file my_file-v4.cif (mmCIF, C-alpha atoms)
data_my_file
#
loop_
_atom_site.label_atom_id
_atom_site.label_comp_id
_atom_site.auth_asym_id
_atom_site.auth_seq_id
_atom_site.Cartn_x
_atom_site.Cartn_y
_atom_site.Cartn_z
CA MET A 1 11.28 4.69 6.91
CA LEU A 2 7.57 5.50 7.03
CA VAL A 3 8.03 5.52 10.79
CA LEU A 4 10.60 8.28 10.50
CA SER A 5 8.19 10.29 8.35
CA LEU A 6 5.38 10.00 10.90
CA ALA A 7 7.75 10.95 13.67
CA LEU A 8 8.65 14.12 11.78
CA TRP A 9 4.99 14.95 11.40
CA SER A 10 4.31 14.52 15.09
CA THR A 11 6.73 17.36 15.98
CA CYS A 12 5.35 19.92 13.55
CA VAL A 13 3.56 22.07 16.10
CA LEU A 14 4.47 25.74 16.23
CA ALA A 15 2.11 27.22 18.85
CA SER A 16 1.44 25.71 22.27
CA VAL A 17 -0.55 26.28 25.43
CA GLY A 18 2.57 27.19 27.38
CA ASP A 19 3.41 30.08 25.07
CA ARG A 20 0.16 31.81 26.08
CA LEU A 21 0.47 31.34 29.85
CA PRO A 22 0.64 34.72 31.66
CA GLN A 23 3.18 33.29 34.14
CA TYR A 24 5.51 32.33 31.32
CA LYS A 25 5.21 35.69 29.56
CA GLU A 26 5.80 37.60 32.80
CA CYS A 27 8.74 35.37 33.75
CA THR A 28 10.54 35.80 30.43
CA SER A 29 10.01 39.54 30.49
CA GLN A 30 11.44 39.85 34.01
CA CYS A 31 14.31 37.50 33.25
CA ILE A 32 15.40 39.43 30.17
CA GLU A 33 15.16 42.72 32.04
CA THR A 34 17.09 41.37 35.05
CA SER A 35 19.67 39.08 33.45
CA CYS A 36 20.18 40.50 29.98
CA TYR A 37 19.97 44.23 30.70
CA ALA A 38 20.82 44.60 34.40
CA ASN A 39 23.26 41.62 34.33
CA LEU A 40 21.87 40.31 37.61
CA PRO A 41 21.06 36.68 38.49
CA TYR A 42 17.52 35.45 37.89
CA LEU A 43 16.27 31.95 38.78
CA PRO A 44 19.85 30.85 39.54
CA GLN A 45 18.68 27.31 40.37
CA TYR A 46 18.41 26.70 36.62
CA ASP A 47 21.84 28.09 35.72
CA ILE A 48 24.41 26.01 33.82
CA ASN A 49 28.19 26.29 33.88
CA ILE A 50 29.76 29.03 31.81
CA VAL A 51 31.57 26.59 29.48
CA SER A 52 28.35 24.80 28.47
CA ARG A 53 26.59 28.12 28.06
CA TYR A 54 29.08 29.45 25.53
CA LEU A 55 29.92 26.14 23.89
CA LEU A 56 26.26 25.33 23.19
CA LEU A 57 25.38 28.89 22.21
CA TRP A 58 22.97 29.69 25.04
CA SER A 59 22.32 33.39 24.56
CA CYS A 60 20.78 35.36 27.41
CA PRO A 61 17.26 35.44 25.86
CA SER A 62 17.34 31.71 25.05
CA ASP A 63 18.60 30.97 28.55
CA CYS A 64 15.73 33.01 29.98
CA ASP A 65 13.28 31.16 27.79
CA TYR A 66 14.56 27.82 29.10
CA LYS A 67 14.57 28.96 32.73
CA CYS A 68 11.00 30.22 32.55
CA ARG A 69 9.71 27.09 30.80
CA SER A 70 11.26 24.97 33.55
CA HIS A 71 10.14 27.27 36.36
CA VAL A 72 6.54 27.51 35.19
CA SER A 73 6.41 23.74 34.58
CA ASN A 74 7.70 23.00 38.09
CA ILE A 75 5.11 25.33 39.61
CA ARG A 76 2.32 23.69 37.63
CA GLU A 77 3.54 20.25 38.65
CA ALA A 78 3.58 21.27 42.32
CA GLN A 79 -0.01 22.50 41.93
CA SER A 80 -1.04 19.19 40.29
CA LEU A 81 -1.69 20.96 37.01
CA PRO A 82 -0.85 19.27 33.70
CA ILE A 83 2.56 19.90 32.15
CA VAL A 84 2.14 21.79 28.87
CA GLN A 85 4.32 22.30 25.80
CA PHE A 86 6.18 25.48 24.90
CA HIS A 87 6.92 26.27 21.24
CA GLY A 88 5.51 22.86 20.31
CA LYS A 89 7.92 20.99 22.59
CA TRP A 90 7.97 19.57 26.09
CA PRO A 91 10.08 21.24 28.81
CA PHE A 92 13.19 19.23 29.74
CA ASP A 93 15.81 19.54 32.45
CA ARG A 94 19.15 20.52 30.98
CA TRP A 95 22.22 18.41 31.69
CA LEU A 96 25.50 20.25 31.09
CA GLY A 97 23.54 22.53 28.79
CA ILE A 98 22.16 19.62 26.71
CA THR A 99 18.48 20.12 25.96
CA GLU A 100 17.29 16.49 25.62
CA VAL A 101 19.92 14.21 27.06
CA PHE A 102 18.21 10.85 26.46
CA SER A 103 17.33 11.71 22.87
CA VAL A 104 21.02 12.57 22.43
CA LEU A 105 22.14 9.24 23.91
CA PHE A 106 19.72 7.22 21.79
CA SER A 107 20.61 9.20 18.66
CA ILE A 108 24.23 8.30 19.32
CA GLY A 109 23.09 4.69 19.68
CA ASN A 110 21.49 4.85 16.23
CA LEU A 111 24.57 6.52 14.81
CA TYR A 112 26.76 3.74 16.20
CA ALA A 113 24.47 0.97 14.88
CA ASN A 114 24.74 2.43 11.39
CA LEU A 115 28.43 3.28 11.67
CA ILE A 116 29.53 -0.28 12.47
CA ASN A 117 27.60 -1.48 9.43
CA LEU A 118 29.12 1.29 7.32
CA VAL A 119 32.60 0.10 8.25
CA LYS A 120 31.64 -3.51 7.47
CA PHE A 121 30.20 -2.66 4.07
CA SER A 122 33.23 -0.50 3.24
CA LYS A 123 35.49 -3.51 3.83
CA LEU A 124 33.24 -5.75 1.73
CA ILE A 125 33.31 -3.32 -1.19
CA ARG A 126 37.09 -2.98 -1.03
CA GLY A 127 37.45 -6.77 -0.98
CA LEU A 128 35.41 -7.44 -4.10
CA GLY A 129 37.07 -9.28 -6.97
CA GLN A 130 36.47 -9.12 -10.71
CA GLY A 131 33.70 -10.64 -12.78
CA LYS A 132 30.08 -10.00 -13.68
CA ASN A 133 28.69 -11.25 -10.39
CA SER A 134 31.20 -9.22 -8.43
CA GLN A 135 30.20 -6.12 -10.36
CA ALA A 136 26.52 -6.65 -9.62
CA ARG A 137 27.29 -7.42 -5.99
CA GLY A 138 29.40 -4.27 -5.75
CA VAL A 139 26.63 -2.09 -7.18
CA MET A 140 24.09 -3.38 -4.65
CA LEU A 141 26.55 -3.18 -1.77
CA PHE A 142 27.18 0.45 -2.69
CA GLN A 143 23.45 1.24 -2.44
CA TYR A 144 23.45 -0.07 1.12
CA TRP A 145 26.73 1.73 1.83
CA LEU A 146 25.15 4.97 0.59
CA LEU A 147 22.12 4.44 2.83
CA LEU A 148 24.40 3.80 5.80
CA ALA A 149 26.55 6.87 5.07
CA VAL A 150 23.48 9.09 4.82
CA SER A 151 22.06 7.51 7.99
CA VAL A 152 25.27 8.21 9.92
CA VAL A 153 25.12 11.88 8.87
CA GLY A 154 21.38 12.02 9.60
CA TRP A 155 21.78 10.62 13.11
CA LEU A 156 24.71 12.94 13.73
CA LEU A 157 22.43 15.87 12.85
CA SER A 158 19.77 14.39 15.16
CA THR A 159 22.34 14.24 17.96
CA ILE A 160 23.30 17.86 17.41
CA PHE A 161 19.66 18.97 17.28
CA HIS A 162 18.72 17.25 20.55
CA THR A 163 21.87 18.62 22.15
CA ARG A 164 20.90 22.17 21.32
CA ASP A 165 17.48 22.88 19.84
CA ILE A 166 17.72 26.01 17.67
CA PRO A 167 16.15 26.75 14.25
CA LEU A 168 19.33 25.84 12.34
CA THR A 169 19.84 22.47 14.05
CA GLU A 170 16.13 21.69 13.72
CA THR A 171 16.19 22.41 9.99
CA LEU A 172 19.30 20.25 9.49
CA ASP A 173 17.65 17.45 11.47
CA TYR A 174 14.61 17.53 9.15
CA LEU A 175 16.79 17.61 6.04
CA GLY A 176 18.91 14.74 7.32
CA ALA A 177 15.83 12.65 8.06
CA GLY A 178 14.47 13.36 4.57
CA ALA A 179 17.77 12.26 3.04
CA ILE A 180 17.66 8.97 5.00
CA ILE A 181 14.14 8.30 3.75
CA MET A 182 15.16 8.91 0.13
CA ALA A 183 18.34 6.81 0.46
CA ASN A 184 16.27 3.97 1.87
CA PHE A 185 13.82 4.28 -1.04
CA ASN A 186 16.73 4.20 -3.46
CA ALA A 187 18.25 1.06 -1.90
CA ILE A 188 15.08 -1.03 -1.87
CA SER A 189 13.94 0.09 -5.33
CA ILE A 190 17.34 -0.81 -6.83
CA ARG A 191 17.08 -4.23 -5.15
CA TYR A 192 13.38 -4.79 -5.86
CA PHE A 193 13.59 -3.97 -9.57
CA GLU A 194 17.03 -5.62 -9.90
CA LEU A 195 18.62 -2.47 -11.26
CA PHE A 196 21.94 -3.53 -9.75
CA ARG A 197 22.42 -6.09 -12.53
CA ALA A 198 25.03 -5.20 -15.17
CA GLU A 199 22.44 -5.30 -17.97
CA ASN A 200 20.37 -2.65 -16.13
CA GLN A 201 23.17 -0.13 -15.68
CA ARG A 202 21.67 2.47 -18.01
CA LYS A 203 18.25 2.16 -16.40
CA ARG A 204 19.80 2.49 -12.94
CA GLN A 205 21.70 5.64 -13.86
CA LEU A 206 18.60 7.30 -15.30
CA TYR A 207 16.50 6.21 -12.34
CA GLN A 208 18.92 7.48 -9.72
CA SER A 209 19.36 10.76 -11.60
CA GLY A 210 15.61 11.15 -11.35
CA LEU A 211 15.63 10.45 -7.60
CA LEU A 212 18.40 12.97 -7.06
CA PHE A 213 16.48 15.55 -9.09
CA VAL A 214 13.35 14.97 -6.99
CA LEU A 215 15.32 15.33 -3.74
CA LEU A 216 17.00 18.55 -4.91
CA CYS A 217 13.65 20.02 -6.00
CA HIS A 218 12.25 19.10 -2.59
CA TYR A 219 15.08 20.89 -0.80
CA LEU A 220 14.80 23.93 -3.08
CA LYS A 221 11.08 24.17 -2.37
CA LEU A 222 11.76 24.09 1.37
CA ALA A 223 14.53 26.67 0.98
CA ARG A 224 12.14 29.08 -0.73
CA ARG A 225 9.42 28.61 1.89
CA TRP A 226 9.57 26.15 4.74
CA ASP A 227 6.34 24.15 4.91
CA TYR A 228 6.02 21.52 7.66
CA GLN A 229 2.86 20.00 6.19
CA TYR A 230 4.34 19.64 2.72
CA ASN A 231 7.54 18.16 4.15
CA MET A 232 5.52 15.66 6.17
CA LYS A 233 3.43 14.57 3.16
CA TYR A 234 6.51 14.23 0.95
CA ASN A 235 8.33 12.05 3.48
CA VAL A 236 5.26 9.91 4.20
CA VAL A 237 4.77 9.15 0.49
CA ILE A 238 8.44 8.20 0.00
CA GLY A 239 8.60 6.30 3.29
CA LEU A 240 5.35 4.40 2.71
CA SER A 241 6.47 3.41 -0.79
CA ALA A 242 9.80 2.12 0.53
CA SER A 243 8.13 0.15 3.33
CA ALA A 244 5.72 -1.44 0.85
CA MET A 245 8.62 -2.51 -1.38
CA TRP A 246 10.56 -3.98 1.56
CA VAL A 247 7.56 -6.07 2.56
CA ALA A 248 6.81 -7.08 -1.04
CA HIS A 249 10.42 -8.06 -1.63
CA SER A 250 10.55 -10.04 1.60
CA LEU A 251 7.40 -11.98 0.69
CA ARG A 252 8.72 -12.56 -2.83
CA VAL A 253 11.93 -14.05 -1.45
CA TYR A 254 9.92 -16.22 0.95
CA ARG A 255 7.77 -17.60 -1.86
CA ARG A 256 10.48 -18.01 -4.45
CA TYR A 257 13.18 -20.03 -2.72
CA ASP A 258 12.77 -23.60 -1.49
CA GLY A 259 14.52 -25.56 1.26
CA GLN A 260 17.31 -26.77 -1.01
CA VAL A 261 18.53 -23.24 -1.65
CA PHE A 262 18.21 -22.26 2.00
CA ASN A 263 20.47 -25.14 2.96
CA SER A 264 23.20 -23.96 0.59
CA ILE A 265 26.62 -23.94 2.19
CA GLN A 266 27.19 -20.46 0.72
CA LEU A 267 24.34 -19.08 2.82
CA SER A 268 25.30 -20.82 6.05
CA PRO A 269 27.63 -18.07 7.38
CA TYR A 270 25.00 -15.39 6.74
CA GLU A 271 22.20 -17.41 8.30
CA SER A 272 24.35 -18.25 11.32
CA LYS A 273 25.13 -14.56 11.88
CA ILE A 274 21.42 -13.64 11.79
CA GLN A 275 20.40 -16.53 14.03
CA GLN A 276 23.17 -15.72 16.47
CA LYS A 277 22.05 -12.09 16.80
CA LEU A 278 18.40 -13.06 17.20
CA GLY A 279 19.24 -15.93 19.58
CA PRO A 280 18.65 -14.00 22.83
CA PHE A 281 15.15 -13.05 21.62
CA CYS A 282 13.91 -16.00 19.58
CA LYS A 283 14.93 -18.99 17.50
CA VAL A 284 14.61 -18.38 13.76
CA ARG A 285 14.50 -21.28 11.34
CA SER A 286 16.22 -20.83 7.98
CA ARG A 287 12.88 -21.03 6.23
CA LEU A 288 11.63 -17.94 8.06
CA ILE A 289 14.68 -15.72 7.50
CA PRO A 290 13.16 -14.16 4.33
CA LEU A 291 10.37 -12.68 6.49
CA ILE A 292 12.67 -10.65 8.74
CA PRO A 293 12.02 -7.32 6.90
CA VAL A 294 8.28 -7.88 7.35
CA VAL A 295 8.76 -8.32 11.10
CA LEU A 296 11.06 -5.30 11.34
CA ASN A 297 8.59 -3.12 9.42
CA VAL A 298 5.78 -4.19 11.75
CA TYR A 299 8.03 -3.53 14.76
CA LEU A 300 8.95 -0.04 13.54
CA THR A 301 5.38 0.82 12.58
CA THR A 302 4.22 -0.27 16.02
CA SER A 303 6.93 1.74 17.73
CA VAL A 304 5.70 4.93 16.06
CA SER A 305 2.73 4.80 18.44
CA LEU A 306 5.15 6.27 20.95
CA GLU A 307 5.20 9.39 18.78
CA LEU A 308 1.47 9.48 18.11
CA PHE A 309 0.57 9.04 21.81
CA ASP A 310 2.84 11.77 23.06
CA PHE A 311 3.34 12.32 26.79
CA ALA A 312 5.22 14.71 29.07
CA PRO A 313 8.84 13.78 29.85
CA ILE A 314 9.32 11.25 32.63
CA ALA A 315 11.41 12.86 35.39
CA HIS A 316 11.72 15.86 33.03
CA LEU A 317 14.28 13.86 31.01
CA ILE A 318 12.80 11.16 28.77
CA ASP A 319 9.76 11.48 26.51
CA SER A 320 8.07 9.42 23.82
CA HIS A 321 10.36 10.78 21.11
CA ALA A 322 13.42 9.62 23.04
CA LEU A 323 11.87 6.17 23.51
CA TRP A 324 11.18 6.01 19.78
CA HIS A 325 14.86 6.73 19.13
CA LEU A 326 15.64 3.85 21.49
CA CYS A 327 13.40 1.52 19.47
CA THR A 328 15.13 2.37 16.18
CA ILE A 329 18.58 1.27 17.38
CA PHE A 330 17.88 -2.46 17.04
CA PRO A 331 16.67 -2.93 13.40
CA PRO A 332 19.92 -1.88 11.62
CA LEU A 333 21.83 -4.49 13.64
CA ILE A 334 19.79 -7.23 11.93
CA TRP A 335 18.60 -5.60 8.73
CA TYR A 336 21.99 -5.21 7.06
CA ASP A 337 22.95 -8.80 7.85
CA TRP A 338 19.70 -9.77 6.15
CA ASN A 339 20.63 -7.59 3.17
CA LEU A 340 23.91 -9.49 2.81
CA TRP A 341 22.07 -12.81 3.09
CA ASP A 342 19.55 -11.69 0.49
CA LEU A 343 22.28 -10.47 -1.87
CA GLU A 344 24.16 -13.76 -1.56
CA LEU A 345 20.90 -15.56 -2.30
CA SER A 346 20.44 -13.52 -5.46
CA MET A 347 23.96 -14.39 -6.56
CA ILE A 348 23.22 -18.11 -6.10
CA ASP A 349 19.98 -17.98 -8.03
CA LYS A 350 19.85 -15.37 -10.81
CA MET A 351 16.06 -15.46 -10.70
CA ALA A 352 16.03 -13.31 -7.56
#

call {"tool": "encode", "arguments": {"input": "my_file-v4.cif", "output": "C-alpha cells"}}
result
Amino acid sequence: MLVLSLALWSTCVLASVGDRLPQYKECTSQCIETSCYANLPYLPQYDINIVSRYLLLWSCPSDCDYKCRSHVSNIREAQSLPIVQFHGKWPFDRWLGITEVFSVLFSIGNLYANLINLVKFSKLIRGLGQGKNSQARGVMLFQYWLLLAVSVVGWLLSTIFHTRDIPLTETLDYLGAGAIIMANFNAISIRYFELFRAENQRKRQLYQSGLLFVLLCHYLKLARRWDYQYNMKYNVVIGLSASAMWVAHSLRVYRRYDGQVFNSIQLSPYESKIQQKLGPFCKVRSRLIPLIPVVLNVYLTTSVSLELFDFAPIAHLIDSHALWHLCTIFPPLIWYDWNLWDLELSMIDKMA
C-alpha cells in the first residue's frame, strides 16, 4: 500500500499554471455573467444533458469552470502549446457528466476484484468449524475480510470521486485510501507477528485498539485542519511499513518451508488455484509460490512511476492516474489466494 500513499502525494497540488492564464480567467468571468446571470448559452459545444447536470450536481459556476478549462485547453492544443493543469488537475472531456471516465471504470474494476474476494472470504468464515485451529484460522480470515471490506468502500469512494470531483468527494477519497492503508497494515502485522493465534488474543486486542486509536487521531487532526503534506507522510510511513512486512514475511515463508511441506496434499488445491490464475502469464513452481508477495510489491512499486511521471490525458480521457488504477486491479486476484495458501501452510506447520 506504499504505492497508494505515493499516488495520494502526487495529486496534492493546489495551484496550477492554468489557474493564472488570462484566457481562462476571462472565459470563466464571461461564462458566469452569460450563463449564470443572463441565463443564456455559452460555449454550448461543451454542454451536457440536463439529467447528468442535476444528477451529478453540476452547478452553473462549476459548469463554467469545466467549459473554460476544456475550451482553453483545446485552443492551446490547436496552437501547439502544452496542455496545463487547472486546480492541480488535468482537463478531461466529460462523458455523460462524468469527470474522469477511465478512472471511474478502473476504480470499478478494483472494486470488483476486492468484492469477489470479500464474498469468498465471507463464505469461508461462515463455513468454519470448531476447534483451536479453526479459531485461529477464523481470526486471520477476518483480518483479510476486514481489509477487503474497507477496500470495497475505499474503491467505491474512488469511483464517486472520479465521477464527480468536488471537495467532499475528494476528501472522502483520501480518507478511504487512508483506511485501506491502515487495514492492510493491520492484516500483515497480525499475520507477521502471529497475533491471530489463540494464545495471543489479549495482545491482538490491545494492538488493534492502538491501531484504531492512531487512525481516529489521524482523522481528527485532518478534521481540525486539512494538511496534504501531513496526510501524505502519514500514509507513506504506514504503507512503507506494511510493504516491508509483506516482503519480510514472504521471504521468511520461502526460507522456512522445504519441498516436503510444499508437496502436502492439503496445499494442492491452493497451489493449483494460484498456478491456474498465473498460467496465462508464467509458470510458477510450488517452490516459488512463497515469493509471490515480493513480486507483487515490486510490480506495484514499479507501477507508481505512472503517478510520478505524470502526463496530460491521452485523447482528453485517460491519464497516468487512470493507468495506475488499471495496474492495481490485478494484484488482489492473486494476493488473496496466496493469503489462503499461506494460512493453510501455517495450520500445517505451527512454526509459521

call {"tool": "atom_distance", "arguments": {"input": "my_file-v4.cif", "atom1": "atom CA of Ser107 of chain A", "atom2": "atom CA of Lys89 of chain A"}}
result
17.8 Å

call {"tool": "closest_residue", "arguments": {"input": "my_file-v4.cif", "among": "A:Val237, A:His71, A:Ile48, A:Leu56", "to": "Cys27 of chain A", "atoms": "all atoms listed in the file"}}
result
A:His71

call {"tool": "residues_around", "arguments": {"input": "my_file-v4.cif", "residues": "segment 208-215 of chain A", "least_positions_apart": "2", "cutoff": "12 Å", "atoms": "all atoms listed in the file", "output": "NGL selection string"}}
result
:A and (143 or 175-176 or 178-187 or 189-190 or 195-196 or 201-206 or 217-222 or 231 or 234-235 or 238)

call {"tool": "closest_residue", "arguments": {"input": "my_file-v4.cif", "among": "A:Ser70, A:Thr28, A:Ser52, A:Ser250", "to": "Trp335 of chain A", "atoms": "all atoms listed in the file"}}
result
A:Ser250

call {"tool": "closest_residue", "arguments": {"input": "my_file-v4.cif", "among": "A:Phe309, A:Asp173, A:Leu326, A:Trp341", "to": "Ile292 of chain A", "atoms": "only C-alpha atoms"}}
result
A:Trp341

call {"tool": "residues_around", "arguments": {"input": "my_file-v4.cif", "residues": "Asp337 of chain A", "least_positions_apart": "2", "cutoff": "9 Å", "atoms": "all atoms listed in the file", "output": "JSON, numbers by chain"}}
result
{"A": [117, 270, 271, 273, 274, 332, 333, 334, 335, 339, 340, 341, 342]}

call {"tool": "axis_aligned_box", "arguments": {"input": "my_file-v4.cif", "around": "segment 148-160 of chain A", "padding_each_side": "6 Å", "output": "lines of an AutoDock Vina configuration file"}}
result
center_x = 23.2
center_y = 10.8
center_z = 11.4
size_x = 18.8
size_y = 26.1
size_z = 25.1

call {"tool": "resolve_selection", "arguments": {"input": "my_file-v4.cif", "expression": "the PyMOL selection byres ((chain A and resi 327) around 10)", "output": "list of chain:residue names"}}
result
A:Phe106, A:Asn110, A:Tyr299, A:Leu300, A:Thr302, A:Ser303, A:Val304, A:Leu306, A:His321, A:Ala322, A:Leu323, A:Trp324, A:His325, A:Leu326, A:Thr328, A:Ile329, A:Phe330, A:Pro331

call {"tool": "write_last_selection", "arguments": {"input": "my_file-v4.cif", "atoms": "C-alpha atoms", "output": "PDB file, in the coordinates of the input"}}
result
ATOM      1  CA  PHE A 106      19.720   7.220  21.790  1.00  0.00           C
ATOM      2  CA  ASN A 110      21.490   4.850  16.230  1.00  0.00           C
ATOM      3  CA  TYR A 299       8.030  -3.530  14.760  1.00  0.00           C
ATOM      4  CA  LEU A 300       8.950  -0.040  13.540  1.00  0.00           C
ATOM      5  CA  THR A 302       4.220  -0.270  16.020  1.00  0.00           C
ATOM      6  CA  SER A 303       6.930   1.740  17.730  1.00  0.00           C
ATOM      7  CA  VAL A 304       5.700   4.930  16.060  1.00  0.00           C
ATOM      8  CA  LEU A 306       5.150   6.270  20.950  1.00  0.00           C
ATOM      9  CA  HIS A 321      10.360  10.780  21.110  1.00  0.00           C
ATOM     10  CA  ALA A 322      13.420   9.620  23.040  1.00  0.00           C
ATOM     11  CA  LEU A 323      11.870   6.170  23.510  1.00  0.00           C
ATOM     12  CA  TRP A 324      11.180   6.010  19.780  1.00  0.00           C
ATOM     13  CA  HIS A 325      14.860   6.730  19.130  1.00  0.00           C
ATOM     14  CA  LEU A 326      15.640   3.850  21.490  1.00  0.00           C
ATOM     15  CA  THR A 328      15.130   2.370  16.180  1.00  0.00           C
ATOM     16  CA  ILE A 329      18.580   1.270  17.380  1.00  0.00           C
ATOM     17  CA  PHE A 330      17.880  -2.460  17.040  1.00  0.00           C
ATOM     18  CA  PRO A 331      16.670  -2.930  13.400  1.00  0.00           C
TER      19      PRO A 331
END

call {"tool": "atom_distance", "arguments": {"input": "my_file-v4.cif", "atom1": "atom CA of Gly88 of chain A", "atom2": "atom CA of Leu216 of chain A"}}
result
28.0 Å

call {"tool": "atom_distance", "arguments": {"input": "my_file-v4.cif", "atom1": "atom CA of Leu172 of chain A", "atom2": "atom CA of Leu157 of chain A"}}
result
6.3 Å
